[in-house]
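Heads up: the structure comes next, in structure tokens.
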Amino acid sequence: MTAAHQLLDEITGFADLARRQYDADRILSFEGAGHIVHDLPKRADGRSVSLASRPWRLDPIPFVLESAEFEMLRAGAVARMSMIEQILADLYGPRRLVTDRIIDSGLLWSSRRYRVAAIGNQPTKRWLTNYALDLIRDTDGVWHVVGDLTDAPTGVGYALLDRVVGARVHRDLVSRVRHSEGLQPLEPFVDRLRDGLADLADVESPRIVVMSGGVDHPSFVEQSYLATRLGLNLAEGADLVVRRRRLWLRSLAGFEPIDVLFRRLEDDRLDPMEVNTEGGAGIPGLLLASSSGGVHLANAHGCGVIEDPDLADHWDGAGEWLERRPGDSATRTLLRRLATARQAGHEWSLHPTFDGNAVQRGAVIVRMHLVASDQGIDVLTGANARVLAPGDDPAAPTIARSKDVWVLGPSDRVRVGRRRPLPQVDLIASVPTRAAEALFWAGRALERTELLARTLRVVLDSTGGTTDTDPATAERWVIPAIGMLANVGGLDVNRRAAELALRTNTSVTATGALASAAMALAQQLGSLLAEVSSVREFFSVTAGRVFARLADSRSAINRLVTETVGTPIVGATPPDELAPTSAAHLESGLLDSGLLDSVLIDIASVAGLWNESVVRGPAWRIGEIGRRLERTFGVIDAWRGAVGWSDMTEFDDDAQRLVEIVLATNESLVAYRRRYRSDVEFAAAAQLVIADDTNPRSAASAVATVAHEAGRLGWDEGAKLAGELFDVLQRSRLHDQASAGRALGQVYDGCDRLSRDLIGTYLASPVDPRAMGGH
Amino acid sequence: MDVLPDHFVPPPSEHGRRYTVSHRTAYSYGSEMLDGYSVAHLLARQTPFQYVASSVLTTDPDVDERDERVDVFGNHVVQLGVHRPHDHLLVDVSTDVIVEPATVPETGASWELVAAQTAAIRGDMALEISPYLASSRFVPIRKIANEASQRDALVAAFGEQFTTGRPIEDVIGGVCNFIFEHYRFDPASTTVSTPLGDVLAQRAGVCQDFAHLAVGAFRARGIASRYVSGYIETDPPPGEPKTIGADASHAWCAVWIPEYGWVDLDPTNGIVGPDRHVTIGWGRDYADVAPIRGVVIGPGSMQTLSVEVDVVRR
């Protein structure tokens with residue numbers, strides 16, 4: 001019995017596979033990969049986001065390969081990559097395969113993936129930098145190729161991610177196997193990949209960016225994860241621009257030259273100037289720059305032709321013909337493609353797989369990854385594996401279940417890399433403007449979410465759920481509290497209806513304003529997640545876990561509101577009044593289950609990580625300015641809402657209770673009590689919440705931070721304006737409601753101008769490119 | 001790859017007709033665009049029958065970047081970039097050419113023989129011919145993904161022209177006349193992206209559609225055919241002066257006959273052999289030689305486009 005068999009027997013014998021499956025699901029969702037969030041709202045730039053880009057689960061049973069078998073696959077895969085490199089060089093170069101009619105040229109030219117612009121544009125170094133191939137083993141133990149991936153092969157990021165999960169799910173086993181049988185590591189491949197990318201440019205310390213399809217691309221999670229592991233900037237089409245036949249990154253520091261573009265997008269999405277591109281996607285002029293040597297692409301433009309299903313069956317023959325040497329009759333291709341037509345009828349070898357309840361057996365597709373550098377070709381000592389359903393087409397599995405792939409054997413084969421020096425400034429100063437913009441909106445969403453969650457919590461708390469007060473009292477402070485909530489959440493609450501509801505019911509929840517606020521909270525959480533998911537590379541792994549928890553809370557709030565209101569909440573008009581049972585259900589769901597508390601704690605964690613774990617570069621400062629501007633807006637919204645719906649001519653117990661609520665919403669009630677040790681007074685409370693810059697929750701403190709960070713950013717106009725707003729707050733006479741109102745209005749407008757100016761100055765990235773008609 | 005590079009073109013003879021073509025493309029964006037890129041197939045290329053004295057492209061506003069290259073089909077391509085706020089773009093092309101009268105070959109070779117010889121071509125000529133045998137976006141003669149092939153429909157529609165043993169030059173004339181007589185010229189019937197199947201069904205279209213149709217008729221039979229973009233000299237209505245700017249871009253096609261070369265046919269006008277035609281360039285179909293297209297980046301607004309063409313004989 002081989003080591004692989006023994007290992008599999010051991011794992012399939014685990015009594016707690018279901019728990020390990022649960023762990024795997026949970027860890028994947030922490031990593032932000034396996035997310036089950038489907039309906040995030042549109043981002044500020046109008047694009048929608050789905051974190052559901054990797055909907056499959058990780059099988060707790062790995063696919064295990066013995067050293068000898070892997071070595072055979074390695075040799076075959078390396079030979080195949082070389083063969084495909086030769087085919088590409090011929091198809092876009094001398095085209096002997098066409099002149100000698102080895103392949104059907106009509107078929108070749110009919111392929112949309114045969115790129116006209118690539119003909120005659122031999123890349124400086126190589127066509128393929130990264131390559132992947134899909135393999136399957138039949139019942140005789142023979143491995144067949146069922147797919148070559150040459151355009152923008154995906155999977156390395158997922159393999160790394162799956163290993164992180166697999167190693168945690170089987171912690172004891174993995175550390176034992178590492179020592180005894182030898183579990184080969186994946187990390188060296190990441191270094192080789194970075195080398196391979198760096199080698200494309202003949203400069204001392206090349207600048208490399210990963211070109212992603214953006215948050216709405218199905219592979220975004222992988223693209224982002226891989227960029228983080230490679231330590232490279234993630235950029236999108238709009239971040240990159242071609243000038244003077246060179247590629248530049250639009251960063252906060254200006255245009256920065258880019259030497260190598262690791263594209264995660266297919267050939268037809270690279271340059272809208274080329275014939276047969278998809279819509280207006282890509283970077284105009286990119287191919288002109290690359291054909292002039294102004295930037296090197298990995299992979300080179302045109303490599304996708306190998307993936308065309310109409311041509312795929314012809315490459316083995318073409319490759320053999322190209323590689324044939326006089327007197328050399330041996331086939332160098334150790335791994336051969338199984339013709340598409342023959343794939344269906346084949347019997348595949350079956351492997352144990354856990355379906356959530358029991359161990360089953362299923363066929364498995366294995367995707368190997370290779371990288372070419374000046375040192376030769378390296379192979380990932382691991383792979384992606386996907387489980388097939390019975391009768392599946394190997395090219396299109398119908399069930400979404402992946403496996404970590406363990407390659408056994410000593411890892412002394414791993415070459416020690418050179419690790420070419422890469423520019424060290426990259427990730428701090430040279431931030432794509434799009435990323436800075438996402439951080440700005442994330443900062444704003446973070447603050448607004450917090451304020452809304454806390455206001456909701458405080459209103460529920462202070463009214464104690466039930467109001468046994470008489471209507472007149474309710475009008476004095478409960479109604480203003482609802483007004484504050486409405487203003488903070490931007491809710492459409494009918495004051496008259498709320499008053500009526502309060503007269504006939506005993507619960508503040510019955511007004512419907514709380515259901516409406518819960519909906520708004522779920523939406524704010526969605527905005528926050530949508531922004532941070534597009535800049536995940538800025539946040540630590542821990543932050544990823546918190547985001548996953550917030551995503552769960554968001555789903556829970558959505559569910560709760562749907563149950564309470566009885567309709568799907570998206571686009572629904574909130575009711576003016578809730579039935580008592582519904583109101584009770586909403587209240588207990590938000591409060592008793594700890595849902596709101598959990599949101600508040602997680603938001604506090606994000607804020608803490610934001611301060612403690614994100615490098616303080618220009619992007620952080622822009623995000624921080626976003627946070628503090630939103631905090632100022634929030635303080636003013638809450639204040640105006642409470643004051644606007646109340647009649648505080650006489651400062652009695654009811655008015656005092658209202659001011660306490662305002663203080664609590666601002667999380668300043670404790671600070672107030674510590675400072676004044678007295679009954680709450682209007683002027684003192686206003687001073688603390690608005691003008692006291694020693695209270696970090698005050699508007700003055702937030703505006704002071706804006707001035708400080710604007711200065712550090714070098715944004716002098718912003719610093720000056722924020723400084724003026726600070727003075728306005730300091731000088732305002734807060735005991736006088738009218739005077740306070742004027743000051744707050746001035747500060748509100750000023751912050752609004754700061755926000756717009758910041759966007760105009762730093763973030764004005766071009767909006768949607770549109771095609772020009774032509775004739 | 002053009003088999004006849006520019007420097008092989010003989011100097012013009014005394015039989016040549018001299019034309020000056022002015023082509024103005026005017027984009028108005030409605031508001032200021034921050035950045036704009038366009039790619040133009042507007043500069044004329046030399047052909048065995050066309051001597052290009054000059055072909056000049058100018059713009060307003062001046063461009064920030066301009067790159068010229070020759071594409072895989074041998075056409076002159078200009079890439080333009082305006083990287084500062086601009087609310088319009090004018091592209092003016094002025095071309096002076098001398099066009100020689102064309103001869104139509106009399107090979108007597110059957111179309112089946114031409115198809116067989118085409119299929120057997122090897123070497124550099126295979127590189128030259130193969131793009132024009134393939135299925136392409138506007139001439140789908142092979143099923144690709146979920147796009148239907150028009151091969152059978154094309155074979156059926158032109159069945160009368162491809163009779164057994166018919167000489168290729170007769171087939172060329174036949175296809176040209178068949179479209180001219182049985183298809184209605186109707187600018188309202190199609191757009192630049194109308195599929196060939198619709199053109200076949202409604203028996204109506206414009207010059208691009210008819211060029212695609214003829215190209216498809218030949219490719220469906222294994223005969224190489226390419227799409228040609230250019231201009232044609234038009235006559236004013238009898239007794240009226242010629243209206244400035246009333247001409248238009250034109251499109252026709254060409255068929256390859258082994259040992260002879262390319263024969264042009266203009267199914268829109270029922271003419272075989274270049275006559276009053278000025279060639280810009282050619283490709284598999286419209287997409288390869290679209291006169292101008294591009295991308296602008298800026299706020300959303302109403303975009304307008306106008307084109308004026310004058311073809312004047314000197």
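Residues are referred to by chain and number: the chain letter is A, B, ... according to the order shown in the structure tokens, the number counts from 1 in that chain, and ligands are numbered separately from 1 in the order shown.
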For chain B against chain A, with a cut-off of 8 Å and counting only C-alpha atoms, what is the closest atom pair and its distance in Å to one decimal for every residue that makes the cut, ordered by chain and number, as a tab-separated table?
```
residue	atom	partner	partner_atom	distance
B:Leu34	CA	A:Pro766	CA	7.1
B:Tyr37	CA	A:Pro284	CA	6.7
B:Ser38	CA	A:Met273	CA	7.1
B:Val39	CA	A:Met273	CA	6.4
B:Glu65	CA	A:Arg244	CA	7.2
B:Asp71	CA	A:Ala117	CA	7.5
B:Val72	CA	A:Val116	CA	6.8
B:Arg122	CA	A:Thr99	CA	5.0
B:Gly123	CA	A:Thr99	CA	4.2
B:Asp124	CA	A:Thr99	CA	6.2
B:Met125	CA	A:Thr99	CA	7.8
B:Ala126	CA	A:Thr99	CA	5.5
B:Leu127	CA	A:Thr99	CA	6.4
B:Ser130	CA	A:Ser105	CA	5.9
B:Pro131	CA	A:Trp109	CA	5.6
B:Leu133	CA	A:Gly106	CA	5.8
B:Ala134	CA	A:Gly106	CA	4.5
B:Ser135	CA	A:Ser110	CA	4.7
B:Ser136	CA	A:Ser110	CA	5.8
B:Arg142	CA	A:Ser110	CA	7.6
B:Ser249	CA	A:His775	CA	7.8
B:Ala287	CA	A:Val275	CA	6.5
B:Asp288	CA	A:Val275	CA	6.3
B:Ala290	CA	A:His775	CA	6.6
B:Pro291	CA	A:His775	CA	5.7
B:Ile292	CA	A:Gly774	CA	5.3
B:Arg293	CA	A:Gly774	CA	5.0
B:Gly294	CA	A:Met772	CA	5.2
B:Val295	CA	A:Ala771	CA	4.5
B:Val296	CA	A:Arg770	CA	5.6
B:Ile297	CA	A:Pro769	CA	4.5
B:Gly298	CA	A:Val767	CA	5.7
B:Pro299	CA	A:Val767	CA	6.5
B:Leu305	CA	A:Gly773	CA	7.4
B:Val307	CA	A:His775	CA	7.7
```
Subject >> Per-residue DSSP, region 58-123 of chain B, filtered to helix (DSSP H, G or I), as a list in words >> reply: Trp111, Glu112, Leu113, Val114, Ala115, Ala116, Gln117, Thr118, Ala119 and Ala120 of chain B
Residues of the last selection are to be written out with C-alpha atoms, as a PDB file, in the first residue's frame.
```pdb
ATOM      1  CA  TRP B 111     -14.929  27.735 -60.519  1.00  0.00           C
ATOM      2  CA  GLU B 112     -14.468  24.175 -59.222  1.00  0.00           C
ATOM      3  CA  LEU B 113     -10.913  24.174 -60.556  1.00  0.00           C
ATOM      4  CA  VAL B 114     -10.263  27.552 -58.923  1.00  0.00           C
ATOM      5  CA  ALA B 115     -11.556  26.190 -55.609  1.00  0.00           C
ATOM      6  CA  ALA B 116      -9.394  23.068 -55.924  1.00  0.00           C
ATOM      7  CA  GLN B 117      -6.290  25.092 -56.814  1.00  0.00           C
ATOM      8  CA  THR B 118      -6.975  27.442 -53.934  1.00  0.00           C
ATOM      9  CA  ALA B 119      -7.227  24.515 -51.542  1.00  0.00           C
ATOM     10  CA  ALA B 120      -3.881  23.195 -52.731  1.00  0.00           C
TER      11      ALA B 120
END
```
Write out as a compact mmCIF listing (two decimals) with all heavy atoms, in the first residue's frame the residues lying within 6 Å of Gly281 (chain B), counting only C-alpha atoms and excluding same-chain residues fewer than 2 positions away.
```txt
# COMPACT_ATOMS: atom_id res chain seq x y z
N ASN B 75 -2.69 47.25 -44.96
CA ASN B 75 -3.34 48.55 -44.95
C ASN B 75 -2.59 49.54 -44.07
O ASN B 75 -1.94 49.16 -43.10
CB ASN B 75 -4.77 48.43 -44.41
CG ASN B 75 -5.59 47.42 -45.19
OD1 ASN B 75 -5.64 47.48 -46.41
ND2 ASN B 75 -6.21 46.48 -44.47
N VAL B 228 -13.43 45.03 -49.69
CA VAL B 228 -12.62 46.20 -50.04
C VAL B 228 -13.35 47.47 -49.62
O VAL B 228 -14.55 47.61 -49.83
CB VAL B 228 -12.34 46.26 -51.56
CG1 VAL B 228 -11.37 47.41 -51.87
CG2 VAL B 228 -11.78 44.95 -52.07
N SER B 229 -12.62 48.37 -48.98
CA SER B 229 -13.18 49.64 -48.52
C SER B 229 -12.62 50.76 -49.37
O SER B 229 -11.43 50.76 -49.71
CB SER B 229 -12.80 49.82 -47.05
OG SER B 229 -12.95 51.16 -46.67
N THR B 279 -9.50 52.85 -53.97
CA THR B 279 -9.35 51.86 -52.90
C THR B 279 -8.63 52.47 -51.69
O THR B 279 -7.60 53.14 -51.86
CB THR B 279 -8.54 50.66 -53.40
OG1 THR B 279 -9.22 50.09 -54.53
CG2 THR B 279 -8.37 49.60 -52.31
```
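Omitting Ile601 (chain A) and its sequence neighbours fewer than 2 positions away, and counting only C-alpha atoms, the residues within 12 Å are Thr449, Glu450, Ala453, Arg454, Val546, Phe547, Arg549, Leu550, Ser553, Gly594, Leu595, Leu596, Asp597, Ser598, Val599, Ile603, Ala604, Ser605, Val606, Ala607 and Gly608 of chain A.
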Export all heavy atoms of the chosen residues as a compact mmCIF listing (two decimals), in the first residue's frame?
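Wrote it out as part-v1.txt, contents follow:
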```txt
# COMPACT_ATOMS: atom_id res chain seq x y z
N THR A 449 -22.24 53.40 8.74
CA THR A 449 -22.76 52.14 9.26
C THR A 449 -22.75 52.15 10.78
O THR A 449 -23.71 51.76 11.44
CB THR A 449 -21.90 50.96 8.76
OG1 THR A 449 -21.77 51.06 7.35
CG2 THR A 449 -22.53 49.63 9.11
N GLU A 450 -21.62 52.61 11.31
CA GLU A 450 -21.49 52.63 12.77
C GLU A 450 -22.56 53.51 13.39
O GLU A 450 -23.24 53.13 14.34
CB GLU A 450 -20.09 53.12 13.16
CG GLU A 450 -19.91 53.05 14.67
CD GLU A 450 -18.71 53.84 15.17
OE1 GLU A 450 -18.07 54.54 14.35
OE2 GLU A 450 -18.44 53.76 16.37
N ALA A 453 -26.05 51.97 13.12
CA ALA A 453 -26.23 50.82 14.02
C ALA A 453 -26.36 51.30 15.46
O ALA A 453 -27.23 50.83 16.21
CB ALA A 453 -25.05 49.86 13.89
N ARG A 454 -25.54 52.28 15.84
CA ARG A 454 -25.59 52.73 17.22
C ARG A 454 -26.90 53.48 17.51
O ARG A 454 -27.52 53.30 18.54
CB ARG A 454 -24.39 53.60 17.57
CG ARG A 454 -24.49 54.06 19.03
CD ARG A 454 -23.23 54.69 19.60
NE ARG A 454 -22.10 53.79 19.51
CZ ARG A 454 -21.15 53.90 18.61
NH1 ARG A 454 -21.19 54.88 17.73
NH2 ARG A 454 -20.17 53.06 18.59
N VAL A 546 -13.33 39.70 9.74
CA VAL A 546 -14.36 40.59 10.26
C VAL A 546 -15.36 40.92 9.14
O VAL A 546 -16.56 40.94 9.37
CB VAL A 546 -13.73 41.88 10.84
CG1 VAL A 546 -14.81 42.77 11.41
CG2 VAL A 546 -12.71 41.53 11.91
N PHE A 547 -14.84 41.17 7.93
CA PHE A 547 -15.75 41.46 6.83
C PHE A 547 -16.70 40.28 6.60
O PHE A 547 -17.88 40.47 6.30
CB PHE A 547 -14.97 41.75 5.55
CG PHE A 547 -14.16 43.01 5.61
CD1 PHE A 547 -12.89 43.08 5.04
CD2 PHE A 547 -14.65 44.14 6.26
CE1 PHE A 547 -12.14 44.24 5.11
CE2 PHE A 547 -13.90 45.31 6.34
CZ PHE A 547 -12.64 45.35 5.76
N ARG A 549 -17.79 38.23 8.83
CA ARG A 549 -18.82 38.28 9.88
C ARG A 549 -19.86 39.35 9.58
O ARG A 549 -21.06 39.15 9.77
CB ARG A 549 -18.17 38.56 11.24
CG ARG A 549 -17.41 37.38 11.83
CD ARG A 549 -16.63 37.83 13.06
NE ARG A 549 -17.49 38.55 13.99
CZ ARG A 549 -18.02 38.03 15.08
NH1 ARG A 549 -17.76 36.77 15.39
NH2 ARG A 549 -18.80 38.73 15.85
N LEU A 550 -19.38 40.51 9.10
CA LEU A 550 -20.32 41.58 8.78
C LEU A 550 -21.25 41.16 7.64
O LEU A 550 -22.43 41.52 7.62
CB LEU A 550 -19.55 42.86 8.40
CG LEU A 550 -18.94 43.61 9.59
CD1 LEU A 550 -17.99 44.69 9.11
CD2 LEU A 550 -20.03 44.22 10.47
N SER A 553 -23.88 39.14 9.18
CA SER A 553 -24.84 39.98 9.90
C SER A 553 -25.78 40.67 8.93
O SER A 553 -26.98 40.81 9.18
CB SER A 553 -24.11 41.05 10.71
OG SER A 553 -23.30 40.45 11.69
N GLY A 594 -28.45 39.70 19.87
CA GLY A 594 -27.11 40.29 19.84
C GLY A 594 -26.66 40.72 18.46
O GLY A 594 -25.48 41.02 18.25
N LEU A 595 -27.60 40.77 17.53
CA LEU A 595 -27.23 41.10 16.15
C LEU A 595 -26.64 42.51 16.04
O LEU A 595 -25.57 42.72 15.48
CB LEU A 595 -28.47 40.95 15.26
CG LEU A 595 -28.29 41.09 13.76
CD1 LEU A 595 -27.21 40.17 13.25
CD2 LEU A 595 -29.60 40.77 13.04
N LEU A 596 -27.33 43.48 16.62
CA LEU A 596 -26.83 44.84 16.54
C LEU A 596 -25.51 44.99 17.28
O LEU A 596 -24.60 45.67 16.82
CB LEU A 596 -27.86 45.81 17.15
CG LEU A 596 -28.94 46.35 16.22
CD1 LEU A 596 -29.84 47.30 16.99
CD2 LEU A 596 -28.32 47.06 15.03
N ASP A 597 -25.40 44.34 18.44
CA ASP A 597 -24.15 44.41 19.18
C ASP A 597 -23.01 43.83 18.38
O ASP A 597 -21.90 44.36 18.35
CB ASP A 597 -24.28 43.66 20.51
CG ASP A 597 -25.14 44.46 21.49
OD1 ASP A 597 -25.23 45.69 21.30
OD2 ASP A 597 -25.73 43.85 22.40
N SER A 598 -23.32 42.73 17.72
CA SER A 598 -22.26 42.08 16.95
C SER A 598 -21.82 42.98 15.79
O SER A 598 -20.63 43.09 15.50
CB SER A 598 -22.77 40.70 16.52
OG SER A 598 -22.39 40.42 15.24
N VAL A 599 -22.76 43.69 15.16
CA VAL A 599 -22.39 44.63 14.10
C VAL A 599 -21.50 45.73 14.69
O VAL A 599 -20.46 46.08 14.13
CB VAL A 599 -23.64 45.23 13.43
CG1 VAL A 599 -23.26 46.42 12.54
CG2 VAL A 599 -24.37 44.18 12.62
N ILE A 603 -17.72 46.46 13.58
CA ILE A 603 -17.36 47.75 13.01
C ILE A 603 -16.21 48.36 13.81
O ILE A 603 -15.27 48.93 13.24
CB ILE A 603 -18.59 48.69 13.02
CG1 ILE A 603 -19.62 48.23 11.99
CG2 ILE A 603 -18.18 50.14 12.76
CD1 ILE A 603 -19.25 48.50 10.57
N ALA A 604 -16.28 48.22 15.12
CA ALA A 604 -15.18 48.73 15.96
C ALA A 604 -13.89 48.00 15.63
O ALA A 604 -12.81 48.61 15.60
CB ALA A 604 -15.53 48.57 17.43
N SER A 605 -13.98 46.71 15.35
CA SER A 605 -12.78 45.95 14.98
C SER A 605 -12.20 46.49 13.68
O SER A 605 -10.98 46.66 13.55
CB SER A 605 -13.10 44.47 14.76
OG SER A 605 -13.73 43.94 15.88
N VAL A 606 -13.07 46.74 12.70
CA VAL A 606 -12.58 47.25 11.43
C VAL A 606 -11.90 48.60 11.65
O VAL A 606 -10.81 48.85 11.12
CB VAL A 606 -13.73 47.39 10.39
CG1 VAL A 606 -13.23 48.05 9.12
CG2 VAL A 606 -14.33 46.02 10.08
N ALA A 607 -12.55 49.44 12.45
CA ALA A 607 -11.96 50.75 12.71
C ALA A 607 -10.60 50.60 13.40
O ALA A 607 -9.64 51.31 13.08
CB ALA A 607 -12.90 51.58 13.58
N GLY A 608 -10.51 49.64 14.32
CA GLY A 608 -9.23 49.41 14.99
C GLY A 608 -8.18 48.92 14.03
O GLY A 608 -7.04 49.41 14.01
```
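Across B:Val171, B:Ala248, B:Cys207, B:Leu265, the tightest approach to Gly108 (chain B) is made by B:Val171 when counting only C-alpha atoms.
Of note, CA of Arg226 (chain B) and CA of Thr103 (chain B) are spaced 18.5 Å apart.
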**OP:** Would you return as an NGL selection string the members of region 125-188 of chain A that DSSP assigns to strand (DSSP E or B) on this structure's backbone?
**Re:** :A and (130-138 or 143-149 or 183)
Got time to write the residues from that selection, N, CA and C atoms, as a short mmCIF file (atom, residue, chain, number, x, y, z; two decimals), in the first residue's frame?
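out.cif written:
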```cif
data_model
loop_
_atom_site.label_atom_id
_atom_site.label_comp_id
_atom_site.auth_asym_id
_atom_site.auth_seq_id
_atom_site.Cartn_x
_atom_site.Cartn_y
_atom_site.Cartn_z
N ASN A 130 2.95 32.11 -17.95
CA ASN A 130 2.26 31.13 -17.12
C ASN A 130 1.35 30.27 -17.99
N TYR A 131 1.21 29.06 -17.58
CA TYR A 131 0.47 28.06 -18.36
C TYR A 131 -0.13 27.07 -17.37
N ALA A 132 -1.32 26.58 -17.70
CA ALA A 132 -1.94 25.55 -16.87
C ALA A 132 -2.53 24.49 -17.78
N LEU A 133 -2.63 23.30 -17.28
CA LEU A 133 -3.27 22.26 -18.07
C LEU A 133 -4.17 21.41 -17.18
N ASP A 134 -5.31 21.02 -17.76
CA ASP A 134 -6.26 20.17 -17.04
C ASP A 134 -6.03 18.73 -17.45
N LEU A 135 -5.94 17.86 -16.44
CA LEU A 135 -5.61 16.46 -16.67
C LEU A 135 -6.62 15.58 -15.97
N ILE A 136 -6.79 14.38 -16.53
CA ILE A 136 -7.66 13.42 -15.88
C ILE A 136 -7.04 12.02 -16.05
N ARG A 137 -7.23 11.19 -15.03
CA ARG A 137 -6.61 9.85 -15.05
C ARG A 137 -7.69 8.83 -15.36
N ASP A 138 -7.41 7.92 -16.31
CA ASP A 138 -8.42 6.91 -16.63
C ASP A 138 -8.21 5.67 -15.76
N TRP A 143 -2.78 9.24 -17.70
CA TRP A 143 -3.23 10.63 -17.60
C TRP A 143 -3.45 11.21 -18.99
N HIS A 144 -4.58 11.93 -19.14
CA HIS A 144 -4.90 12.58 -20.42
C HIS A 144 -5.05 14.07 -20.20
N VAL A 145 -4.62 14.83 -21.20
CA VAL A 145 -4.85 16.28 -21.17
C VAL A 145 -6.25 16.53 -21.71
N VAL A 146 -7.06 17.30 -20.99
CA VAL A 146 -8.38 17.66 -21.51
C VAL A 146 -8.50 19.17 -21.71
N GLY A 147 -7.47 19.91 -21.37
CA GLY A 147 -7.53 21.35 -21.61
C GLY A 147 -6.18 22.01 -21.40
N ASP A 148 -5.83 22.93 -22.31
CA ASP A 148 -4.63 23.75 -22.14
C ASP A 148 -5.09 25.16 -21.85
N LEU A 149 -4.53 25.78 -20.81
CA LEU A 149 -4.93 27.14 -20.47
C LEU A 149 -3.76 28.08 -20.69
N LEU A 183 5.27 16.76 2.52
CA LEU A 183 4.24 17.42 1.73
C LEU A 183 4.91 18.62 1.07
#
```
Write out as a short mmCIF file (atom, residue, chain, number, x, y, z; two decimals) with N, CA, C and O atoms, in the first residue's frame which residues come within 10 Å of Pro394 (chain A) when counting only C-alpha atoms, dropping same-chain ones fewer than 2 positions away.
```
data_model
loop_
_atom_site.label_atom_id
_atom_site.label_comp_id
_atom_site.auth_asym_id
_atom_site.auth_seq_id
_atom_site.Cartn_x
_atom_site.Cartn_y
_atom_site.Cartn_z
N ASP A 134 -5.31 21.02 -17.76
CA ASP A 134 -6.26 20.17 -17.04
C ASP A 134 -6.03 18.73 -17.45
O ASP A 134 -5.95 18.41 -18.63
N LEU A 135 -5.94 17.86 -16.44
CA LEU A 135 -5.61 16.46 -16.67
C LEU A 135 -6.62 15.58 -15.97
O LEU A 135 -7.20 15.96 -14.95
N ILE A 136 -6.79 14.38 -16.53
CA ILE A 136 -7.66 13.42 -15.88
C ILE A 136 -7.04 12.02 -16.05
O ILE A 136 -6.41 11.74 -17.07
N VAL A 146 -7.06 17.30 -20.99
CA VAL A 146 -8.38 17.66 -21.51
C VAL A 146 -8.50 19.17 -21.71
O VAL A 146 -9.53 19.64 -22.20
N GLY A 147 -7.47 19.91 -21.37
CA GLY A 147 -7.53 21.35 -21.61
C GLY A 147 -6.18 22.01 -21.40
O GLY A 147 -5.46 21.66 -20.47
N THR A 340 -11.55 15.71 -28.04
CA THR A 340 -12.81 16.12 -27.42
C THR A 340 -13.90 15.05 -27.59
O THR A 340 -14.61 14.71 -26.64
N GLN A 343 -13.66 12.13 -25.16
CA GLN A 343 -13.67 12.36 -23.71
C GLN A 343 -14.93 11.81 -23.04
O GLN A 343 -14.88 11.30 -21.93
N ALA A 344 -16.06 11.89 -23.76
CA ALA A 344 -17.33 11.52 -23.13
C ALA A 344 -17.39 10.05 -22.75
O ALA A 344 -17.84 9.70 -21.66
N ALA A 363 -14.88 11.07 -10.20
CA ALA A 363 -13.73 11.39 -11.05
C ALA A 363 -13.24 12.79 -10.71
O ALA A 363 -14.02 13.63 -10.25
N VAL A 364 -11.96 13.03 -10.93
CA VAL A 364 -11.35 14.30 -10.53
C VAL A 364 -10.51 14.87 -11.67
O VAL A 364 -9.74 14.15 -12.30
N ILE A 365 -10.70 16.16 -11.92
CA ILE A 365 -9.87 16.88 -12.89
C ILE A 365 -8.77 17.60 -12.13
O ILE A 365 -9.05 18.26 -11.13
N ARG A 386 -10.83 19.39 -9.18
CA ARG A 386 -12.29 19.57 -9.16
C ARG A 386 -12.95 18.21 -9.32
O ARG A 386 -12.51 17.39 -10.13
N VAL A 387 -14.02 18.02 -8.59
CA VAL A 387 -14.73 16.74 -8.63
C VAL A 387 -15.77 16.80 -9.73
O VAL A 387 -16.48 17.79 -9.90
N LEU A 388 -15.86 15.73 -10.51
CA LEU A 388 -16.87 15.64 -11.57
C LEU A 388 -18.08 14.87 -11.08
O LEU A 388 -17.96 13.92 -10.32
N ALA A 389 -19.24 15.27 -11.58
CA ALA A 389 -20.44 14.45 -11.35
C ALA A 389 -20.43 13.34 -12.39
O ALA A 389 -19.80 13.47 -13.44
N GLY A 391 -20.89 11.33 -15.51
CA GLY A 391 -21.31 11.73 -16.84
C GLY A 391 -20.93 13.15 -17.21
O GLY A 391 -21.26 13.62 -18.30
N ASP A 392 -20.20 13.86 -16.33
CA ASP A 392 -19.80 15.24 -16.62
C ASP A 392 -18.83 15.31 -17.79
O ASP A 392 -17.98 14.43 -17.96
N ALA A 396 -16.29 20.93 -18.41
CA ALA A 396 -17.31 21.76 -17.75
C ALA A 396 -17.98 21.01 -16.62
O ALA A 396 -19.07 20.49 -16.76
N PRO A 397 -17.29 20.91 -15.46
CA PRO A 397 -17.88 20.19 -14.33
C PRO A 397 -19.17 20.86 -13.88
O PRO A 397 -19.28 22.09 -13.93
N THR A 398 -20.14 20.04 -13.48
CA THR A 398 -21.41 20.62 -13.08
C THR A 398 -21.52 20.82 -11.57
O THR A 398 -22.36 21.57 -11.11
#
```
